[in-house]
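Heads up, model30.cif below (mmCIF, C-alpha atoms):
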data_upload
loop_
_atom_site.group_PDB
_atom_site.id
_atom_site.type_symbol
_atom_site.label_atom_id
_atom_site.label_comp_id
_atom_site.auth_asym_id
_atom_site.auth_seq_id
_atom_site.Cartn_x
_atom_site.Cartn_y
_atom_site.Cartn_z
ATOM 1 C CA MET A 1 4.988 16.974 -23.559
ATOM 2 C CA SER A 2 7.365 19.512 -25.072
ATOM 3 C CA GLY A 3 5.149 20.732 -27.891
ATOM 4 C CA SER A 4 7.549 21.115 -30.761
ATOM 5 C CA SER A 5 4.752 22.786 -32.717
ATOM 6 C CA ASP A 6 4.581 25.637 -30.186
ATOM 7 C CA PHE A 7 8.332 26.275 -30.103
ATOM 8 C CA PRO A 8 9.901 24.721 -33.194
ATOM 9 C CA GLY A 9 13.391 23.521 -32.512
ATOM 10 C CA SER A 10 13.235 24.328 -28.794
ATOM 11 C CA SER A 11 13.404 20.694 -27.634
ATOM 12 C CA LEU A 12 16.739 18.963 -27.244
ATOM 13 C CA ARG A 13 15.029 15.587 -27.530
ATOM 14 C CA THR A 14 15.293 13.865 -30.859
ATOM 15 C CA PRO A 15 12.117 12.945 -32.740
ATOM 16 C CA ARG A 16 12.874 9.279 -32.093
ATOM 17 C CA ARG A 17 12.972 9.884 -28.321
ATOM 18 C CA ARG A 18 9.701 11.756 -28.460
ATOM 19 C CA VAL A 19 8.042 8.924 -30.341
ATOM 20 C CA ALA A 20 9.386 6.344 -27.878
ATOM 21 C CA GLY A 21 7.530 8.263 -25.144
ATOM 22 C CA LEU A 22 9.782 7.042 -22.330
ATOM 23 C CA GLY A 23 10.652 10.455 -20.870
ATOM 24 C CA ALA A 24 13.713 11.506 -18.898
ATOM 25 C CA ALA A 25 13.792 8.404 -16.689
ATOM 26 C CA HIS A 26 13.542 6.052 -19.701
ATOM 27 C CA SER A 27 10.771 4.050 -18.072
ATOM 28 C CA GLY A 28 7.701 5.838 -19.423
ATOM 29 C CA THR A 29 4.464 5.024 -17.622
ATOM 30 C CA HIS A 30 5.667 1.652 -16.353
ATOM 31 C CA HIS A 31 5.733 2.666 -12.676
ATOM 32 C CA PHE A 32 2.323 4.340 -12.837
ATOM 33 C CA TRP A 33 0.776 1.384 -14.609
ATOM 34 C CA LEU A 34 2.319 -1.210 -12.267
ATOM 35 C CA GLN A 35 1.038 0.780 -9.283
ATOM 36 C CA ARG A 36 -2.507 0.933 -10.710
ATOM 37 C CA VAL A 37 -2.646 -2.707 -11.803
ATOM 38 C CA THR A 38 -1.498 -3.940 -8.389
ATOM 39 C CA ALA A 39 -3.913 -1.491 -6.715
ATOM 40 C CA LEU A 40 -6.766 -2.962 -8.752
ATOM 41 C CA ALA A 41 -5.695 -6.509 -7.896
ATOM 42 C CA ASN A 42 -5.300 -5.599 -4.219
ATOM 43 C CA VAL A 43 -8.980 -4.708 -3.799
ATOM 44 C CA PRO A 44 -10.515 -8.184 -4.283
ATOM 45 C CA LEU A 45 -7.428 -9.991 -2.973
ATOM 46 C CA THR A 46 -7.317 -7.977 0.256
ATOM 47 C CA LEU A 47 -11.065 -8.392 0.788
ATOM 48 C CA ALA A 48 -10.606 -12.157 0.328
ATOM 49 C CA PHE A 49 -7.681 -12.057 2.759
ATOM 50 C CA LEU A 50 -9.859 -10.268 5.337
ATOM 51 C CA ALA A 51 -12.628 -12.827 4.791
ATOM 52 C CA VAL A 52 -10.141 -15.616 5.534
ATOM 53 C CA LEU A 53 -8.980 -13.817 8.687
ATOM 54 C CA ILE A 54 -12.621 -13.446 9.824
ATOM 55 C CA CYS A 55 -13.146 -17.178 9.244
ATOM 56 C CA VAL A 56 -10.083 -18.277 11.213
ATOM 57 C CA ALA A 57 -10.542 -15.808 14.108
ATOM 58 C CA GLY A 58 -10.651 -17.680 17.392
ATOM 59 C CA GLU A 59 -10.157 -21.082 15.760
ATOM 60 C CA SER A 60 -7.685 -23.658 17.047
ATOM 61 C CA PRO A 61 -4.180 -23.537 15.504
ATOM 62 C CA GLU A 62 -4.895 -26.781 13.634
ATOM 63 C CA ARG A 63 -8.030 -25.351 12.047
ATOM 64 C CA VAL A 64 -6.226 -22.096 11.162
ATOM 65 C CA LEU A 65 -3.420 -24.004 9.428
ATOM 66 C CA ALA A 66 -5.908 -26.272 7.633
ATOM 67 C CA THR A 67 -7.796 -23.222 6.314
ATOM 68 C CA ILE A 68 -4.659 -21.355 5.186
ATOM 69 C CA GLY A 69 -3.328 -24.536 3.588
ATOM 70 C CA HIS A 70 -6.476 -25.241 1.562
ATOM 71 C CA PRO A 71 -5.428 -24.892 -2.114
ATOM 72 C CA VAL A 72 -8.012 -22.247 -3.013
ATOM 73 C CA VAL A 73 -7.229 -20.169 0.079
ATOM 74 C CA ALA A 74 -3.464 -20.616 -0.342
ATOM 75 C CA ILE A 75 -3.576 -19.511 -3.994
ATOM 76 C CA ILE A 76 -5.589 -16.389 -3.102
ATOM 77 C CA LEU A 77 -3.250 -15.542 -0.218
ATOM 78 C CA ILE A 78 -0.137 -15.992 -2.388
ATOM 79 C CA LEU A 79 -1.604 -13.782 -5.118
ATOM 80 C CA ALA A 80 -2.470 -11.208 -2.456
ATOM 81 C CA ILE A 81 1.036 -11.201 -1.012
ATOM 82 C CA VAL A 82 2.716 -10.880 -4.427
ATOM 83 C CA SER A 83 0.399 -8.039 -5.473
ATOM 84 C CA ILE A 84 0.605 -6.261 -2.105
ATOM 85 C CA THR A 85 4.401 -6.377 -1.817
ATOM 86 C CA THR A 86 4.769 -5.157 -5.425
ATOM 87 C CA HIS A 87 2.366 -2.306 -4.671
ATOM 88 C CA MET A 88 4.234 -1.535 -1.425
ATOM 89 C CA ARG A 89 7.508 -1.237 -3.295
ATOM 90 C CA ALA A 90 6.029 1.073 -5.925
ATOM 91 C CA GLY A 91 4.393 3.266 -3.289
ATOM 92 C CA MET A 92 7.397 3.547 -0.985
ATOM 93 C CA GLN A 93 9.575 4.320 -4.012
ATOM 94 C CA VAL A 94 7.508 7.457 -4.643
ATOM 95 C CA VAL A 95 7.685 8.460 -0.971
ATOM 96 C CA ILE A 96 11.479 8.044 -0.976
ATOM 97 C CA GLU A 97 11.869 9.988 -4.217
ATOM 98 C CA ASP A 98 9.750 12.793 -2.731
ATOM 99 C CA TYR A 99 11.527 13.146 0.610
ATOM 100 C CA VAL A 100 15.069 11.745 0.366
ATOM 101 C CA HIS A 101 17.132 14.220 -1.634
ATOM 102 C CA GLY A 102 20.736 13.176 -1.034
ATOM 103 C CA GLU A 103 21.801 10.997 -3.943
ATOM 104 C CA GLY A 104 23.536 8.349 -1.813
ATOM 105 C CA ALA A 105 20.786 8.156 0.799
ATOM 106 C CA LYS A 106 18.171 8.021 -1.944
ATOM 107 C CA VAL A 107 19.781 5.113 -3.777
ATOM 108 C CA LEU A 108 20.349 3.256 -0.493
ATOM 109 C CA SER A 109 16.727 3.826 0.529
ATOM 110 C CA LEU A 110 15.430 2.633 -2.829
ATOM 111 C CA VAL A 111 17.551 -0.524 -2.649
ATOM 112 C CA ALA A 112 16.498 -1.125 0.980
ATOM 113 C CA ASN A 113 12.893 -0.705 -0.126
ATOM 114 C CA THR A 114 13.341 -3.356 -2.818
ATOM 115 C CA PHE A 115 15.076 -5.730 -0.386
ATOM 116 C CA PHE A 116 12.403 -5.277 2.293
ATOM 117 C CA CYS A 117 9.508 -5.866 -0.099
ATOM 118 C CA ALA A 118 11.222 -8.847 -1.721
ATOM 119 C CA ALA A 119 11.936 -10.347 1.711
ATOM 120 C CA MET A 120 8.343 -9.797 2.866
ATOM 121 C CA GLY A 121 6.951 -11.301 -0.340
ATOM 122 C CA CYS A 122 9.281 -14.297 -0.320
ATOM 123 C CA ALA A 123 8.705 -15.020 3.380
ATOM 124 C CA GLY A 124 4.931 -14.795 3.060
ATOM 125 C CA VAL A 125 4.741 -16.993 -0.041
ATOM 126 C CA PHE A 126 7.132 -19.557 1.425
ATOM 127 C CA ALA A 127 5.182 -19.709 4.704
ATOM 128 C CA ILE A 128 1.898 -20.331 2.876
ATOM 129 C CA LEU A 129 3.469 -22.991 0.624
ATOM 130 C CA LYS A 130 4.969 -24.756 3.635
ATOM 131 C CA ILE A 131 1.646 -24.710 5.486
ATOM 132 C CA SER A 132 -0.162 -25.890 2.362
ATOM 133 C CA PHE A 133 2.268 -28.698 1.496
ATOM 134 C CA GLY A 134 2.226 -29.769 5.144
ATOM 135 C CA GLY A 135 5.950 -29.621 5.834
ATOM 136 C CA MET B 1 16.507 24.062 1.021
ATOM 137 C CA SER B 2 16.256 27.823 1.550
ATOM 138 C CA ASP B 3 19.763 28.073 3.000
ATOM 139 C CA MET B 4 21.459 27.071 -0.229
ATOM 140 C CA GLN B 5 24.875 28.675 -0.404
ATOM 141 C CA GLY B 6 26.040 30.230 -3.595
ATOM 142 C CA ALA B 7 22.963 29.374 -5.589
ATOM 143 C CA ALA B 8 20.672 32.190 -6.603
ATOM 144 C CA ARG B 9 18.042 32.758 -3.904
ATOM 145 C CA ARG B 10 15.097 32.030 -6.117
ATOM 146 C CA PRO B 11 11.594 32.160 -4.659
ATOM 147 C CA LEU B 12 10.271 28.763 -3.605
ATOM 148 C CA SER B 13 6.918 27.594 -4.843
ATOM 149 C CA PRO B 14 4.160 27.782 -2.204
ATOM 150 C CA HIS B 15 4.091 24.715 0.024
ATOM 151 C CA LEU B 16 1.969 23.199 2.803
ATOM 152 C CA GLN B 17 2.188 26.096 5.261
ATOM 153 C CA ILE B 18 0.747 28.541 2.708
ATOM 154 C CA TYR B 19 -2.546 26.794 2.111
ATOM 155 C CA ARG B 20 -5.601 26.651 4.337
ATOM 156 C CA PRO B 21 -6.080 22.972 5.213
ATOM 157 C CA MET B 22 -8.808 21.452 3.071
ATOM 158 C CA LEU B 23 -10.512 18.090 3.329
ATOM 159 C CA THR B 24 -9.228 16.788 -0.014
ATOM 160 C CA MET B 25 -5.708 17.895 0.901
ATOM 161 C CA MET B 26 -5.891 16.149 4.281
ATOM 162 C CA MET B 27 -7.212 13.023 2.537
ATOM 163 C CA SER B 28 -4.238 13.055 0.184
ATOM 164 C CA ILE B 29 -1.865 13.270 3.151
ATOM 165 C CA VAL B 30 -3.726 10.560 5.071
ATOM 166 C CA HIS B 31 -3.659 8.329 1.985
ATOM 167 C CA ARG B 32 0.128 8.526 1.959
ATOM 168 C CA ILE B 33 0.431 8.097 5.741
ATOM 169 C CA THR B 34 -1.839 5.035 5.720
ATOM 170 C CA GLY B 35 0.185 3.655 2.815
ATOM 171 C CA VAL B 36 3.416 3.960 4.783
ATOM 172 C CA ALA B 37 1.734 2.497 7.884
ATOM 173 C CA LEU B 38 0.474 -0.459 5.850
ATOM 174 C CA TYR B 39 3.983 -0.959 4.465
ATOM 175 C CA PHE B 40 5.229 -1.675 7.967
ATOM 176 C CA GLY B 41 1.952 -3.280 9.046
ATOM 177 C CA THR B 42 2.477 -5.946 6.385
ATOM 178 C CA PHE B 43 5.466 -7.035 8.452
ATOM 179 C CA LEU B 44 3.009 -8.063 11.211
ATOM 180 C CA LEU B 45 1.071 -10.190 8.745
ATOM 181 C CA ILE B 46 4.188 -11.882 7.387
ATOM 182 C CA VAL B 47 5.447 -12.564 10.929
ATOM 183 C CA TRP B 48 2.111 -14.226 11.699
ATOM 184 C CA LEU B 49 2.323 -16.438 8.572
ATOM 185 C CA VAL B 50 5.963 -17.388 9.140
ATOM 186 C CA ALA B 51 5.213 -18.214 12.785
ATOM 187 C CA ALA B 52 2.275 -20.367 11.681
ATOM 188 C CA ALA B 53 4.566 -22.197 9.262
ATOM 189 C CA SER B 54 7.395 -22.582 11.798
ATOM 190 C CA SER B 55 6.105 -24.266 14.938
ATOM 191 C CA ASP B 56 3.132 -24.513 17.293
ATOM 192 C CA ALA B 57 5.091 -22.644 19.949
ATOM 193 C CA ALA B 58 6.004 -19.764 17.631
ATOM 194 C CA PHE B 59 2.423 -19.522 16.384
ATOM 195 C CA ALA B 60 1.088 -19.527 19.958
ATOM 196 C CA THR B 61 3.533 -16.766 20.954
ATOM 197 C CA VAL B 62 2.603 -14.513 18.016
ATOM 198 C CA ASN B 63 -1.112 -15.167 18.559
ATOM 199 C CA ALA B 64 -0.714 -14.251 22.237
ATOM 200 C CA VAL B 65 1.078 -10.994 21.380
ATOM 201 C CA TYR B 66 -1.443 -10.060 18.661
ATOM 202 C CA GLY B 67 -4.314 -11.049 20.957
ATOM 203 C CA SER B 68 -3.117 -8.813 23.804
ATOM 204 C CA TRP B 69 -4.828 -5.461 24.229
ATOM 205 C CA ILE B 70 -1.895 -3.578 22.665
ATOM 206 C CA GLY B 71 -1.800 -6.081 19.814
ATOM 207 C CA LEU B 72 -5.517 -5.684 19.209
ATOM 208 C CA ILE B 73 -5.193 -1.887 19.177
ATOM 209 C CA ALA B 74 -2.417 -2.192 16.579
ATOM 210 C CA LEU B 75 -4.509 -4.612 14.488
ATOM 211 C CA PHE B 76 -7.553 -2.340 14.759
ATOM 212 C CA GLY B 77 -5.467 0.594 13.503
ATOM 213 C CA PHE B 78 -3.944 -1.621 10.795
ATOM 214 C CA SER B 79 -7.391 -2.680 9.569
ATOM 215 C CA TRP B 80 -8.659 0.926 9.502
ATOM 216 C CA ALA B 81 -5.554 2.064 7.576
ATOM 217 C CA LEU B 82 -6.085 -0.800 5.131
ATOM 218 C CA LEU B 83 -9.745 -0.006 4.486
ATOM 219 C CA HIS B 84 -9.099 3.748 4.332
ATOM 220 C CA HIS B 85 -6.266 3.260 1.831
ATOM 221 C CA MET B 86 -8.459 0.885 -0.186
ATOM 222 C CA LEU B 87 -11.364 3.345 -0.392
ATOM 223 C CA GLY B 88 -8.869 6.136 -1.142
ATOM 224 C CA GLY B 89 -7.529 3.976 -3.963
ATOM 225 C CA ILE B 90 -11.033 3.513 -5.375
ATOM 226 C CA ARG B 91 -11.389 7.314 -5.240
ATOM 227 C CA HIS B 92 -8.195 7.545 -7.286
ATOM 228 C CA PHE B 93 -9.600 5.026 -9.802
ATOM 229 C CA ILE B 94 -12.666 7.239 -10.224
ATOM 230 C CA TRP B 95 -10.348 10.194 -10.875
ATOM 231 C CA ASP B 96 -8.267 8.070 -13.282
ATOM 232 C CA MET B 97 -11.455 7.493 -15.289
ATOM 233 C CA GLY B 98 -11.849 11.264 -15.540
ATOM 234 C CA HIS B 99 -14.740 11.636 -13.093
ATOM 235 C CA GLY B 100 -15.281 13.281 -9.707
ATOM 236 C CA PHE B 101 -13.123 16.389 -10.061
ATOM 237 C CA GLY B 102 -15.915 18.876 -9.293
ATOM 238 C CA PRO B 103 -16.029 20.668 -5.915
ATOM 239 C CA GLN B 104 -19.094 18.745 -4.690
ATOM 240 C CA ALA B 105 -17.963 15.378 -6.031
ATOM 241 C CA ARG B 106 -14.504 15.455 -4.525
ATOM 242 C CA GLU B 107 -15.793 16.651 -1.138
ATOM 243 C CA LEU B 108 -18.446 13.927 -1.173
ATOM 244 C CA MET B 109 -15.904 11.245 -2.082
ATOM 245 C CA ALA B 110 -13.604 12.428 0.701
ATOM 246 C CA LYS B 111 -16.435 12.201 3.239
ATOM 247 C CA LEU B 112 -17.508 8.802 1.924
ATOM 248 C CA THR B 113 -13.925 7.575 2.286
ATOM 249 C CA ILE B 114 -13.748 8.677 5.927
ATOM 250 C CA GLY B 115 -17.225 7.441 6.850
ATOM 251 C CA GLY B 116 -16.860 4.265 4.830
ATOM 252 C CA SER B 117 -13.488 3.353 6.289
ATOM 253 C CA VAL B 118 -14.710 3.815 9.872
ATOM 254 C CA ALA B 119 -17.965 1.933 9.204
ATOM 255 C CA LEU B 120 -16.208 -0.957 7.428
ATOM 256 C CA THR B 121 -13.594 -1.220 10.177
ATOM 257 C CA VAL B 122 -16.301 -1.464 12.859
ATOM 258 C CA LEU B 123 -18.203 -4.010 10.737
ATOM 259 C CA LEU B 124 -15.024 -6.041 10.257
ATOM 260 C CA TRP B 125 -14.400 -6.291 13.984
ATOM 261 C CA ILE B 126 -18.041 -7.054 14.716
ATOM 262 C CA ALA B 127 -17.728 -9.879 12.185
ATOM 263 C CA ILE B 128 -14.517 -11.117 13.795
ATOM 264 C CA TYR B 129 -16.064 -11.151 17.274
ATOM 265 C CA ALA B 130 -19.292 -12.669 15.931
ATOM 266 C CA VAL B 131 -17.293 -15.563 14.426
ATOM 267 C CA LYS B 132 -15.080 -15.848 17.479
ATOM 268 C CA GLY B 133 -17.939 -15.794 19.984
#

What would the structure in this file look like if it were written as structure tokens?
Amino acid sequence: MSGSSDFPGSSLRTPRRRVAGLGAAHSGTHHFWLQRVTALANVPLTLAFLAVLICVAGESPERVLATIGHPVVAIILILAIVSITTHMRAGMQVVIEDYVHGEGAKVLSLVANTFFCAAMGCAGVFAILKISFGG
Amino acid sequence: MSDMQGAARRPLSPHLQIYRPMLTMMMSIVHRITGVALYFGTFLLIVWLVAAASSDAAFATVNAVYGSWIGLIALFGFSWALLHHMLGGIRHFIWDMGHGFGPQARELMAKLTIGGSVALTVLLWIAIYAVKG
């Protein structure tokens, strides 16, 4: 970013840091890329999830559980939940960083965001596994 | 922000209240709002799955709540937010590829996102009631 050719010697970053390309937060484009990859995955996975919900609408509880527990359906739903909760965490992180300015409140919010998304993901995956394995 | 004590009273960069509301700007805001709504809406989905995995009684209770008129309104809004955010995301993919930045293209994509999300939501619920009925 800081064009050393325009202002020679004006950057405090060492050449090694510039080459590493990780920026001030030391994470480079990781967050951006994670957000885009999960967004891409979410499109087919969410559409499949909606298709499953259309199929089970109005069915008896036994039929609903049998459908969710079918290996193909269960695998798609688990992938969807993992991708969605990862995407949720990345998205809410940006919202928090934009609006929560106090350092303490920001860190607490970011940690709460991680906990919430991890809890949602774990609960969803566990529920589907339990239904699928017939516990 | 503007009542900072001690610090030099530097001019703030123009913010929301300065600009005339534009469609693309409203779409950006709605994309974020639907994202936050979906964040909490996912809780409803996880509750449904955990109830299904827990017991017949728990599943019946959650199904009754979600099947009530207030539950259905919430689910209808949830589904619209989901489809709107999804189409908005596809719009962002098009931009990521370096296309659609022109005045006509971005206005068209904004309108397609609104129209598409409403149309798909209605289609989704027609499909649900068609299967149910």

Contact table chain B vs chain A, cut-off 6 Å, shortest pair per residue, all atoms listed in the file, as JSON lines:
{"residue": "B:Tyr39", "atom": "CA", "partner": "A:Met88", "partner_atom": "CA", "distance": 5.9}
{"residue": "B:Ile46", "atom": "CA", "partner": "A:Gly124", "partner_atom": "CA", "distance": 5.3}
{"residue": "B:Leu49", "atom": "CA", "partner": "A:Ala127", "partner_atom": "CA", "distance": 5.8}
{"residue": "B:Val50", "atom": "CA", "partner": "A:Ala127", "partner_atom": "CA", "distance": 5.1}
{"residue": "B:Ala53", "atom": "CA", "partner": "A:Ala127", "partner_atom": "CA", "distance": 5.2}
{"residue": "B:Ile128", "atom": "CA", "partner": "A:Ile54", "partner_atom": "CA", "distance": 5.0}
{"residue": "B:Lys132", "atom": "CA", "partner": "A:Gly58", "partner_atom": "CA", "distance": 4.8}

Practice item. Mind checking which residues fall within 12 Å of region 72-74 of chain B, counting all atoms listed in the file, ignoring those fewer than 2 positions away in the same chain, and posting them as number ranges by chain? Key: B: 37-38, 40-42, 44-45, 63-70, 76-81, 125, 128

Exercise for review: I would like the residues chosen by the PyMOL selection byres ((chain B and resi 84) around 9) on the shown file; could you give them as a list in words?
Suggested key: Val30, His31, Thr34, Ser79, Trp80, Ala81, Leu82, Leu83, His85, Met86, Leu87, Gly88, Gly89, Thr113, Ile114, Gly116, Ser117, Val118 and Thr121 of chain B

Point to revise | Point-to-point distance in Å for CA of Ala118 (chain A) and CA of Asp56 (chain B) | key: 25.9 Å

Exercise for review: Please indicate the distance in Å from CA of Thr38 (chain A) to CA of Lys106 (chain A), rounded to one decimal place.
Suggested key: 23.9 Å

Review point. For Leu108 (chain B), which residue out of B:Arg91, B:Ile29, B:Val131, B:Gly35 is the nearest one, using all atoms listed in the file?
Key: B:Arg91

Check your understanding: Do you have the CA of Leu77 (chain A)-CA of Ile94 (chain B) distance handy?
Key ->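 These two atoms are separated by 26.6 Å.
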